[in-house]
Amino acid sequence: MPSTSSSLRWRDLTHPVVAGLISVIVNYGGTFILVFQAAKVAGLSPELTASWVWSVSIGVGVTGIVLSGLSREPIITAWSTPAAAFLVTALATTPYAEAVGAYMVSAAAFVLLGLSGWFDRVIRLIPPGVAAGLLAGILLPFGIGAFGGMSLDPWLAGLLILSYGAFKRVFARYAVVGILVLGLAFLLLQDRVDLQGLSLTLARPVFTMPVFSGQALLSVALPLFLITLTGQYMPGMLVLRNDGFRSSANPIVAVTGFGSLLMAPFGSHAFNIAAITAAICTGREAHEDPSRRWIAGIAAGVFYILVGVFGVTLAAVFMAFPSTFITTLAGLALLGTIGGSLAAALADARTREASLITFLAAAANIQLLGVGGAFWGLVIGLSAHALLNGRWPQRRPITPPVAPTERRAG
């Protein structure tokens, strides 16, 4: 009996821990380059750049652990990727101390938003089909990217895709774990991950005294707030809702906003609930039993803290992976979520067309007035829903996710 209990315990840990690791690899390997680009544009010293890495990684890790541990749901946090892209241009004309002041103003606004309760009420008004279509559209480019790598690196992408199919056939639960291990082994055998000269160097946070100015408030703080709200918080909450989790948005927004406020003087621009990388941890690939998926949030938080402690060093390791490995791994890990979202979006014939329009609009990734595709996909989808259905549907109460075994028993 003890051995069986131990076996179950390890089995319950394996999948969510690997899901957390993959989400961290995808984040650092896929989008963290924007942080380094923004730091270069701002003319930051290596010490200030390392402090930025430290602050955003530690902040993301701690808030993810706290929120996942308290809610027992996979609350995956991340830095604001669209905000980092915005800063690549904004920091070229804004003094760094003023940018830090703008970070703090934006973070304080999120704290107030979370405490007000307004954001959670808005999220609950979004029709289920529109929400599912939006999520499927946001994730579609990653699914396409899994196969687009065939034209760039056919051996690596082909190995991962074929292995995923084989694992799904024989050991379905271990498919994502299998392709991660197999892919890393393939890269090491080909000597395509250069770890020579790598040394673990502890990061040292550097405090920057914030300067508050009207120009930075309008040119950095306000766009930063709007971009993070529409590009991260909104799709991030819809990811949780799509997989049946019912955590209130209010404490998530308030806690991540407060964490961003504390870390801003050390360089962190903004962190928030994750969207794309969260989907890796909230779906069935992380664990068949939804009540076990919160472990993925804890695991991701721990990995983020480890990267933060060693500053730029471990971030550089993840960024050294070939882009094809990152995109193929992410796309295959998200296949289940994309399929489930599409099925949910098209399930109700009465709202199918509006959900399909939402899906296509989100997948188009419209960039207009400085606002990203998630926002415009939602606006177009809600407009289509109102026009085609003539009235706003009543949202059903959000019910907690039910394990597959419980569904069969019911």
# chains A, B, ... in the order shown; residues from 1 in each chain; ligands from 1

$ residues_around --residues "A:Thr208" --least-positions-apart "6" --cutoff "10 Å" --atoms "only C-alpha atoms" --output "PyMOL selection string"
chain A and resi 48+96-98+100-101+264-267

$ closest_atom_pairs --of "stretch 194-311 of chain A" --to "stretch 76-80 of chain A" --cutoff "8 Å" --atoms "only C-alpha atoms" --output "JSON lines"
{"residue": "A:Thr228", "atom": "CA", "partner": "A:Ser80", "partner_atom": "CA", "distance": 6.1}
{"residue": "A:Gln232", "atom": "CA", "partner": "A:Ser80", "partner_atom": "CA", "distance": 6.6}
{"residue": "A:His269", "atom": "CA", "partner": "A:Ser80", "partner_atom": "CA", "distance": 7.8}
{"residue": "A:Ala270", "atom": "CA", "partner": "A:Ser80", "partner_atom": "CA", "distance": 5.7}
{"residue": "A:Phe271", "atom": "CA", "partner": "A:Trp79", "partner_atom": "CA", "distance": 3.9}
{"residue": "A:Asn272", "atom": "CA", "partner": "A:Thr77", "partner_atom": "CA", "distance": 5.4}
{"residue": "A:Ile273", "atom": "CA", "partner": "A:Thr77", "partner_atom": "CA", "distance": 4.2}
{"residue": "A:Ala274", "atom": "CA", "partner": "A:Thr77", "partner_atom": "CA", "distance": 4.8}
{"residue": "A:Thr277", "atom": "CA", "partner": "A:Ile76", "partner_atom": "CA", "distance": 7.6}
{"residue": "A:Ala278", "atom": "CA", "partner": "A:Ile76", "partner_atom": "CA", "distance": 5.3}
{"residue": "A:Cys281", "atom": "CA", "partner": "A:Ile76", "partner_atom": "CA", "distance": 7.6}
{"residue": "A:Gly297", "atom": "CA", "partner": "A:Ile76", "partner_atom": "CA", "distance": 5.3}
{"residue": "A:Ala300", "atom": "CA", "partner": "A:Ile76", "partner_atom": "CA", "distance": 7.3}
{"residue": "A:Gly301", "atom": "CA", "partner": "A:Ile76", "partner_atom": "CA", "distance": 7.9}

$ write_last_selection --atoms "N, CA and C atoms" --output "mmCIF file, in the first residue's frame"
data_model
loop_
_atom_site.group_PDB
_atom_site.id
_atom_site.type_symbol
_atom_site.label_atom_id
_atom_site.label_comp_id
_atom_site.auth_asym_id
_atom_site.auth_seq_id
_atom_site.Cartn_x
_atom_site.Cartn_y
_atom_site.Cartn_z
ATOM 1 N N THR A 228 -1.781 45.960 -21.409
ATOM 2 C CA THR A 228 -1.746 44.809 -20.505
ATOM 3 C C THR A 228 -3.144 44.325 -20.169
ATOM 4 N N GLN A 232 -3.465 40.883 -22.043
ATOM 5 C CA GLN A 232 -3.044 39.843 -21.105
ATOM 6 C C GLN A 232 -4.164 39.438 -20.145
ATOM 7 N N HIS A 269 8.508 45.835 -15.689
ATOM 8 C CA HIS A 269 7.557 46.720 -16.361
ATOM 9 C C HIS A 269 6.112 46.372 -16.018
ATOM 10 N N ALA A 270 5.775 45.095 -15.956
ATOM 11 C CA ALA A 270 4.424 44.659 -15.606
ATOM 12 C C ALA A 270 4.370 43.138 -15.649
ATOM 13 N N PHE A 271 3.711 42.548 -14.663
ATOM 14 C CA PHE A 271 3.370 41.136 -14.794
ATOM 15 C C PHE A 271 1.919 40.938 -14.413
ATOM 16 N N ASN A 272 1.365 39.818 -14.860
ATOM 17 C CA ASN A 272 -0.088 39.653 -14.895
ATOM 18 C C ASN A 272 -0.413 38.179 -15.070
ATOM 19 N N ILE A 273 -1.682 37.861 -15.146
ATOM 20 C CA ILE A 273 -2.061 36.489 -15.462
ATOM 21 C C ILE A 273 -1.650 36.190 -16.895
ATOM 22 N N ALA A 274 -1.138 34.984 -17.115
ATOM 23 C CA ALA A 274 -0.696 34.596 -18.450
ATOM 24 C C ALA A 274 -1.896 34.176 -19.295
ATOM 25 N N THR A 277 0.689 30.802 -22.401
ATOM 26 C CA THR A 277 1.412 29.802 -21.611
ATOM 27 C C THR A 277 0.537 29.238 -20.504
ATOM 28 N N ALA A 278 -0.504 29.986 -20.087
ATOM 29 C CA ALA A 278 -1.424 29.453 -19.085
ATOM 30 C C ALA A 278 -2.196 28.264 -19.646
ATOM 31 N N CYS A 281 -1.025 24.844 -19.013
ATOM 32 C CA CYS A 281 -1.152 24.322 -17.649
ATOM 33 C C CYS A 281 -2.589 24.128 -17.191
ATOM 34 N N GLY A 297 0.867 25.516 -11.561
ATOM 35 C CA GLY A 297 1.105 26.914 -11.201
ATOM 36 C C GLY A 297 2.235 27.053 -10.194
ATOM 37 N N ALA A 300 5.570 26.193 -12.133
ATOM 38 C CA ALA A 300 6.000 27.303 -12.983
ATOM 39 C C ALA A 300 6.589 28.418 -12.132
ATOM 40 N N GLY A 301 5.957 28.717 -11.004
ATOM 41 C CA GLY A 301 6.463 29.759 -10.119
ATOM 42 C C GLY A 301 7.863 29.451 -9.605
#

$ closest_residue --among "A:Phe245, A:Phe375, A:Phe171, A:Phe225" --to "A:Phe86" --atoms "only C-alpha atoms"
A:Phe225

$ residues_around --residues "A:Pro322" --least-positions-apart "5" --cutoff "12 Å" --atoms "only C-alpha atoms" --output "ChimeraX atom specification"
/A:25-26,29-30,149,152-153,156-157,183-184,186-188,190-194,317,327-329

$ write_last_selection --atoms "N, CA and C atoms" --output "tab-separated table (two decimals), in the first residue's frame"
chain	number	residue	atom	x	y	z
A	25	ILE	N	9.69	27.54	-20.36
A	25	ILE	CA	10.59	27.47	-21.52
A	25	ILE	C	10.03	28.28	-22.68
A	26	VAL	N	8.72	28.11	-22.94
A	26	VAL	CA	8.08	28.84	-24.05
A	26	VAL	C	8.14	30.34	-23.81
A	29	GLY	N	11.97	31.36	-23.98
A	29	GLY	CA	12.52	31.08	-25.31
A	29	GLY	C	11.80	31.82	-26.42
A	30	GLY	N	10.52	32.18	-26.17
A	30	GLY	CA	9.74	32.77	-27.24
A	30	GLY	C	9.64	34.28	-27.22
A	149	GLY	N	7.32	24.89	-38.67
A	149	GLY	CA	8.75	24.61	-38.49
A	149	GLY	C	9.28	23.57	-39.45
A	152	LEU	N	11.54	25.05	-41.99
A	152	LEU	CA	12.77	25.64	-41.49
A	152	LEU	C	13.75	24.60	-40.95
A	153	ASP	N	13.20	23.64	-40.22
A	153	ASP	CA	14.04	22.62	-39.58
A	153	ASP	C	13.28	21.30	-39.64
A	156	LEU	N	14.06	18.28	-37.00
A	156	LEU	CA	13.64	18.51	-35.62
A	156	LEU	C	12.12	18.57	-35.51
A	157	ALA	N	11.48	19.38	-36.35
A	157	ALA	CA	10.02	19.50	-36.29
A	157	ALA	C	9.35	18.17	-36.61
A	183	GLY	N	13.11	15.75	-27.65
A	183	GLY	CA	13.62	16.92	-28.36
A	183	GLY	C	14.91	17.44	-27.76
A	184	LEU	N	14.98	17.49	-26.44
A	184	LEU	CA	16.20	17.95	-25.78
A	184	LEU	C	17.36	16.99	-26.07
A	186	PHE	N	17.71	15.08	-28.70
A	186	PHE	CA	18.07	15.26	-30.11
A	186	PHE	C	18.97	16.48	-30.28
A	187	LEU	N	18.62	17.59	-29.61
A	187	LEU	CA	19.42	18.81	-29.72
A	187	LEU	C	20.81	18.62	-29.11
A	188	LEU	N	20.87	17.91	-27.99
A	188	LEU	CA	22.17	17.68	-27.35
A	188	LEU	C	23.04	16.77	-28.20
A	190	GLN	N	22.98	16.53	-31.40
A	190	GLN	CA	23.42	17.32	-32.55
A	190	GLN	C	24.31	18.49	-32.14
A	191	ASP	N	24.54	18.63	-30.84
A	191	ASP	CA	25.38	19.71	-30.32
A	191	ASP	C	24.83	21.08	-30.73
A	192	ARG	N	23.51	21.23	-30.63
A	192	ARG	CA	22.88	22.47	-31.05
A	192	ARG	C	22.50	23.38	-29.88
A	193	VAL	N	22.82	22.95	-28.67
A	193	VAL	CA	22.63	23.80	-27.49
A	193	VAL	C	24.00	23.99	-26.86
A	194	ASP	N	24.56	25.16	-27.04
A	194	ASP	CA	25.92	25.44	-26.58
A	194	ASP	C	25.88	25.92	-25.13
A	317	VAL	N	19.96	30.50	-21.40
A	317	VAL	CA	19.91	29.08	-21.75
A	317	VAL	C	18.64	28.78	-22.54
A	327	THR	N	8.67	26.73	-30.90
A	327	THR	CA	7.36	26.88	-31.54
A	327	THR	C	6.65	25.54	-31.71
A	328	THR	N	7.41	24.50	-32.06
A	328	THR	CA	6.79	23.18	-32.24
A	328	THR	C	6.34	22.62	-30.90
A	329	LEU	N	7.16	22.75	-29.88
A	329	LEU	CA	6.80	22.27	-28.55
A	329	LEU	C	5.55	22.98	-28.04

$ atom_distance --atom1 "atom CA of A:Ala42" --atom2 "atom CA of A:Phe110"
24.8 Å

$ select_by_dssp --residues "stretch 232-374 of chain A" --states "helix (DSSP H, G or I)" --output "PyMOL selection string"
chain A and resi 232-242+249-266+276-282+290-292+294-309+312-320+323-333+335-346+352-363+373-374

$ atom_distance --atom1 "atom CA of A:Ile280" --atom2 "atom CA of A:Ala330"
8.0 Å

$ residues_around --residues "A:Phe167" --least-positions-apart "6" --cutoff "12 Å" --atoms "only C-alpha atoms" --output "ChimeraX atom specification"
/A:159-161,173-180,182,332

$ atom_distance --atom1 "atom CA of A:Leu218" --atom2 "atom CA of A:Ala108"
15.0 Å

$ residues_around --residues "A:Leu112" --least-positions-apart "6" --cutoff "10 Å" --atoms "only C-alpha atoms" --output "list of chain:residue names"
A:Trp118, A:Asn250, A:Val253, A:Ala254, A:Gly257, A:Phe258

$ residues_around --residues "A:Ser247" --least-positions-apart "2" --cutoff "10 Å" --atoms "only C-alpha atoms" --output "NGL selection string"
:A and (67-68 or 71-75 or 120 or 237 or 240-241 or 244-245 or 249-252 or 398 or 400)

$ closest_atom_pairs --of "stretch 139-163 of chain A" --to "stretch 355-366 of chain A" --cutoff "8 Å" --atoms "only C-alpha atoms" --output "JSON lines"
{"residue": "A:Leu139", "atom": "CA", "partner": "A:Ala363", "partner_atom": "CA", "distance": 7.7}
{"residue": "A:Leu140", "atom": "CA", "partner": "A:Ala363", "partner_atom": "CA", "distance": 6.3}
{"residue": "A:Pro141", "atom": "CA", "partner": "A:Ala363", "partner_atom": "CA", "distance": 6.9}

$ write_last_selection --atoms "N, CA and C atoms" --output "compact mmCIF listing (two decimals), in the first residue's frame"
# COMPACT_ATOMS: atom_id res chain seq x y z
N LEU A 139 -4.82 31.19 -29.90
CA LEU A 139 -3.87 30.07 -29.87
C LEU A 139 -3.58 29.49 -31.25
N LEU A 140 -4.44 29.77 -32.23
CA LEU A 140 -4.28 29.16 -33.55
C LEU A 140 -2.89 29.37 -34.16
N PRO A 141 -2.30 30.60 -34.10
CA PRO A 141 -0.96 30.77 -34.69
C PRO A 141 0.08 29.84 -34.07

$ residues_around --residues "A:Val309" --least-positions-apart "3" --cutoff "6 Å" --atoms "only C-alpha atoms" --output "number ranges by chain"
A: 202-203, 306

$ write_last_selection --atoms "C-alpha atoms" --output "short mmCIF file (atom, residue, chain, number, x, y, z; two decimals), in the first residue's frame"
data_model
loop_
_atom_site.label_atom_id
_atom_site.label_comp_id
_atom_site.auth_asym_id
_atom_site.auth_seq_id
_atom_site.Cartn_x
_atom_site.Cartn_y
_atom_site.Cartn_z
CA LEU A 202 23.56 35.44 -8.90
CA ALA A 203 21.54 38.46 -9.97
CA LEU A 306 15.18 29.88 -10.16
#

$ closest_residue --among "A:Val181, A:Leu382, A:Ala85, A:Leu134" --to "A:Tyr164" --atoms "only C-alpha atoms"
A:Val181

$ closest_residue --among "A:Ser106, A:Thr14, A:Thr230, A:Ser57" --to "A:Ala374" --atoms "only C-alpha atoms"
A:Thr230
